[in-house]
file coords11.cif (mmCIF, C-alpha atoms)
data_query
loop_
_atom_site.label_atom_id
_atom_site.label_comp_id
_atom_site.auth_asym_id
_atom_site.auth_seq_id
_atom_site.Cartn_x
_atom_site.Cartn_y
_atom_site.Cartn_z
CA MET J 1 127.30 158.63 99.04
CA ARG J 2 123.65 158.04 98.32
CA TYR J 3 122.13 154.80 99.63
CA PHE J 4 118.58 153.82 98.92
CA VAL J 5 116.09 151.06 99.45
CA PRO J 6 116.18 148.30 96.83
CA VAL J 7 114.05 149.23 93.85
CA MET J 8 112.02 147.13 91.48
CA GLY J 9 114.33 144.76 89.67
CA SER J 10 116.89 144.65 92.49
CA SER J 11 115.82 141.10 93.31
CA GLN J 12 116.51 139.94 89.75
CA LEU J 13 119.83 141.82 89.58
CA LEU J 14 120.99 140.11 92.79
CA HIS J 15 119.74 136.72 91.62
CA ASN J 16 121.79 137.12 88.43
CA SER J 17 124.99 137.85 90.37
CA GLN J 18 127.79 135.35 91.01
CA LEU J 19 127.04 135.13 94.71
CA CYS J 20 123.29 134.62 94.46
CA ALA J 21 122.97 132.40 91.38
CA HIS J 22 121.90 129.32 93.37
CA LEU J 23 119.56 131.11 95.80
CA ASN J 24 115.79 130.86 95.63
CA ALA J 25 113.52 133.92 95.57
CA ASP J 26 112.92 133.88 99.35
CA GLU J 27 116.66 133.80 100.06
CA VAL J 28 117.29 136.71 97.69
CA GLU J 29 114.54 138.65 99.50
CA GLN J 30 116.30 137.96 102.82
CA LEU J 31 119.49 139.45 101.35
CA LEU J 32 117.58 142.50 100.14
CA ARG J 33 116.62 143.22 103.76
CA ILE J 34 120.29 143.78 104.70
CA VAL J 35 121.73 145.21 101.49
CA ALA J 36 122.17 148.90 100.71
CA ILE J 37 122.00 149.75 97.02
CA ARG J 38 123.81 152.85 95.89
CA ASP J 39 124.41 154.78 92.69
CA VAL J 40 128.07 155.68 92.21
CA PRO J 41 128.97 158.33 89.62
CA LYS J 42 131.89 157.77 87.26
CA GLY J 43 135.18 158.58 88.98
CA GLU J 44 133.90 158.30 92.56
CA LEU J 45 135.98 156.29 95.02
CA ILE J 46 134.09 153.44 96.67
CA PHE J 47 136.79 152.65 99.22
CA LEU J 48 140.47 153.36 99.78
CA GLU J 49 143.34 151.08 100.68
CA GLY J 50 143.53 150.95 104.47
CA ASP J 51 139.86 151.76 105.07
CA ASP J 52 138.10 149.47 107.54
CA ALA J 53 136.63 146.49 105.66
CA VAL J 54 133.06 146.80 106.92
CA GLY J 55 131.36 144.98 104.08
CA PHE J 56 131.59 143.69 100.54
CA TYR J 57 129.90 144.57 97.25
CA ILE J 58 128.19 143.26 94.15
CA LEU J 59 128.29 145.41 91.03
CA LEU J 60 124.75 145.59 89.64
CA ARG J 61 125.44 147.85 86.66
CA GLY J 62 128.34 149.84 85.28
CA SER J 63 132.04 149.13 85.80
CA VAL J 64 134.49 149.56 88.68
CA ARG J 65 138.17 148.87 89.11
CA VAL J 66 140.18 147.70 92.08
CA TYR J 67 143.68 149.17 91.96
CA LYS J 68 146.87 149.90 93.87
CA ALA J 69 148.60 153.28 93.82
CA SER J 70 152.31 153.85 94.35
CA PRO J 71 153.66 156.74 96.45
CA GLU J 72 154.74 158.34 93.15
CA GLY J 73 151.13 158.31 91.93
CA ARG J 74 151.37 155.42 89.47
CA GLU J 75 148.31 153.21 89.45
CA TYR J 76 148.05 149.49 88.67
CA THR J 77 144.62 147.96 88.04
CA LEU J 78 144.23 144.62 89.80
CA HIS J 79 140.66 143.84 88.69
CA ARG J 80 138.00 145.31 86.46
CA ILE J 81 134.68 144.35 87.94
CA LYS J 82 131.75 143.58 85.64
CA PRO J 83 128.04 143.56 86.52
CA GLY J 84 127.13 140.56 88.64
CA GLN J 85 130.60 140.19 90.11
CA ILE J 86 131.38 140.35 93.82
CA PHE J 87 134.28 142.43 95.12
CA ALA J 88 136.00 143.25 98.42
CA GLU J 89 134.82 139.97 99.91
CA ALA J 90 138.31 138.72 100.79
CA ALA J 91 139.06 141.80 102.89
CA VAL J 92 135.87 141.34 104.86
CA PHE J 93 136.45 137.68 105.69
CA HIS J 94 140.23 137.64 105.82
CA GLY J 95 141.28 140.96 107.24
CA ASN J 96 140.19 144.19 108.76
CA LYS J 97 141.28 146.64 106.06
CA TYR J 98 140.72 146.94 102.32
CA PRO J 99 144.07 146.11 100.67
CA ALA J 100 143.48 148.28 97.59
CA ASN J 101 141.44 151.19 96.24
CA CYS J 102 138.18 150.94 94.31
CA GLN J 103 136.77 153.49 91.86
CA ALA J 104 133.81 153.62 89.50
CA LEU J 105 134.90 153.61 85.84
CA LEU J 106 131.35 154.32 84.66
CA ASP J 107 128.19 155.51 86.37
CA SER J 108 127.44 152.39 88.37
CA THR J 109 125.05 150.80 90.83
CA ILE J 110 126.46 148.70 93.66
CA ALA J 111 124.93 146.52 96.36
CA PHE J 112 126.71 146.84 99.71
CA PHE J 113 126.53 143.94 102.18
CA PRO J 114 127.45 144.99 105.74
CA LYS J 115 129.70 142.32 107.24
CA ALA J 116 127.90 141.96 110.59
CA ASP J 117 124.43 141.66 109.02
CA PHE J 118 125.64 139.24 106.36
CA VAL J 119 127.42 136.98 108.88
CA ARG J 120 124.33 136.97 111.10
CA LEU J 121 122.13 136.03 108.12
CA ILE J 122 124.27 133.08 107.05
CA GLU J 123 124.61 131.90 110.67
CA ILE J 124 120.83 131.57 110.98
CA ASN J 125 120.49 130.10 107.47
CA PRO J 126 123.42 127.74 106.80
CA GLN J 127 121.75 126.34 103.67
CA MET J 128 121.99 129.81 102.16
CA SER J 129 125.72 129.96 102.84
CA LEU J 130 126.23 126.52 101.25
CA LYS J 131 124.42 127.70 98.11
CA MET J 132 126.62 130.83 98.00
CA ILE J 133 129.75 128.70 98.36
CA ALA J 134 128.52 126.54 95.47
CA SER J 135 128.01 129.68 93.36
CA MET J 136 131.52 130.92 94.11
CA ALA J 137 133.01 127.48 93.44
CA THR J 138 131.33 127.44 90.04
CA PHE J 139 132.78 130.87 89.29
CA LEU J 140 136.29 129.75 90.36
CA ARG J 141 136.06 126.62 88.22
CA ASP J 142 135.04 128.66 85.17
CA PHE J 143 137.75 131.23 85.91
CA ASN J 144 140.41 128.50 86.16
CA GLN J 145 139.28 127.03 82.85
CA THR J 146 139.63 130.45 81.23
CA ILE J 147 143.14 130.91 82.65
CA GLU J 148 144.11 127.44 81.49
CA MET J 149 142.81 128.13 78.00
CA LEU J 150 144.61 131.47 77.77
CA SER J 151 147.93 130.26 79.13
CA LEU J 152 148.31 126.62 78.14
CA LYS J 153 146.61 126.17 74.77
CA GLU J 154 148.02 127.09 71.40
CA VAL J 155 146.55 130.08 69.59
CA SER J 156 144.67 127.84 67.14
CA ALA J 157 143.04 125.90 70.00
CA ARG J 158 142.09 129.17 71.74
CA MET J 159 140.55 130.47 68.53
CA ALA J 160 138.58 127.24 68.10
CA THR J 161 137.26 127.54 71.64
#
call {"tool": "encode", "arguments": {"input": "coords11.cif", "output": "structure tokens"}}
result
Amino acid sequence: MRYFVPVMGSSQLLHNSQLCAHLNADEVEQLLRIVAIRDVPKGELIFLEGDDAVGFYILLRGSVRVYKASPEGREYTLHRIKPGQIFAEAAVFHGNKYPANCQALLDSTIAFFPKADFVRLIEINPQMSLKMIASMATFLRDFNQTIEMLSLKEVSARMAT
């Protein structure tokens, strides 16, 4: 795994992510002080089910999938992560282990947020955490509207939307 210091444009990539959409430039810079940005080649595993959940991620470019594997080797994709999306956050804040596997589908760039550093940052800056909660709530609202449209509306209404 190759980690490196945030490069030019990292600030804007983070600001465009789900988690950081409501943060100001200074707050994004504070995050950049704790984040590790890493290139992940296509096919590389980012974490495995059962690994210690030591942090969470934002996909900056590329594509990754979160999946489960059966003992027989069958795989079931739970999520396909797109640039700007956060992943593995539930494991960090609601458990000690990652509950699934994660693999790069394309050459990708990820931002890794170590749990301890992130928690410390939001403890000293509660306004930042409130803004992040607002960003995630907006995402959940939009996601729920999409699910509602896909599952409850007739095909003609979906096409009109």
call {"tool": "resolve_selection", "arguments": {"input": "coords11.cif", "expression": "the PyMOL selection byres ((chain J and resi 91-96) around 6)", "output": "MDAnalysis selection string"}}
result
chainID J and resid 52:53 55 88:90 97:98
call {"tool": "atom_distance", "arguments": {"input": "coords11.cif", "atom1": "CA of Ile122 (chain J)", "atom2": "CA of Ala21 (chain J)"}}
result
15.7 Å
call {"tool": "closest_residue", "arguments": {"input": "coords11.cif", "among": "J:Lys82, J:His15, J:Lys131, J:Arg33", "to": "Phe113 (chain J)", "atoms": "only C-alpha atoms"}}
result
J:Arg33
call {"tool": "atom_distance", "arguments": {"input": "coords11.cif", "atom1": "CA of Ala137 (chain J)", "atom2": "CA of His22 (chain J)"}}
result
11.3 Å
call {"tool": "resolve_selection", "arguments": {"input": "coords11.cif", "expression": "the PyMOL selection byres ((chain J and resi 25) around 12)", "output": "VMD selection string"}}
result
chain J and resid 10 to 16 20 to 24 26 to 32 128
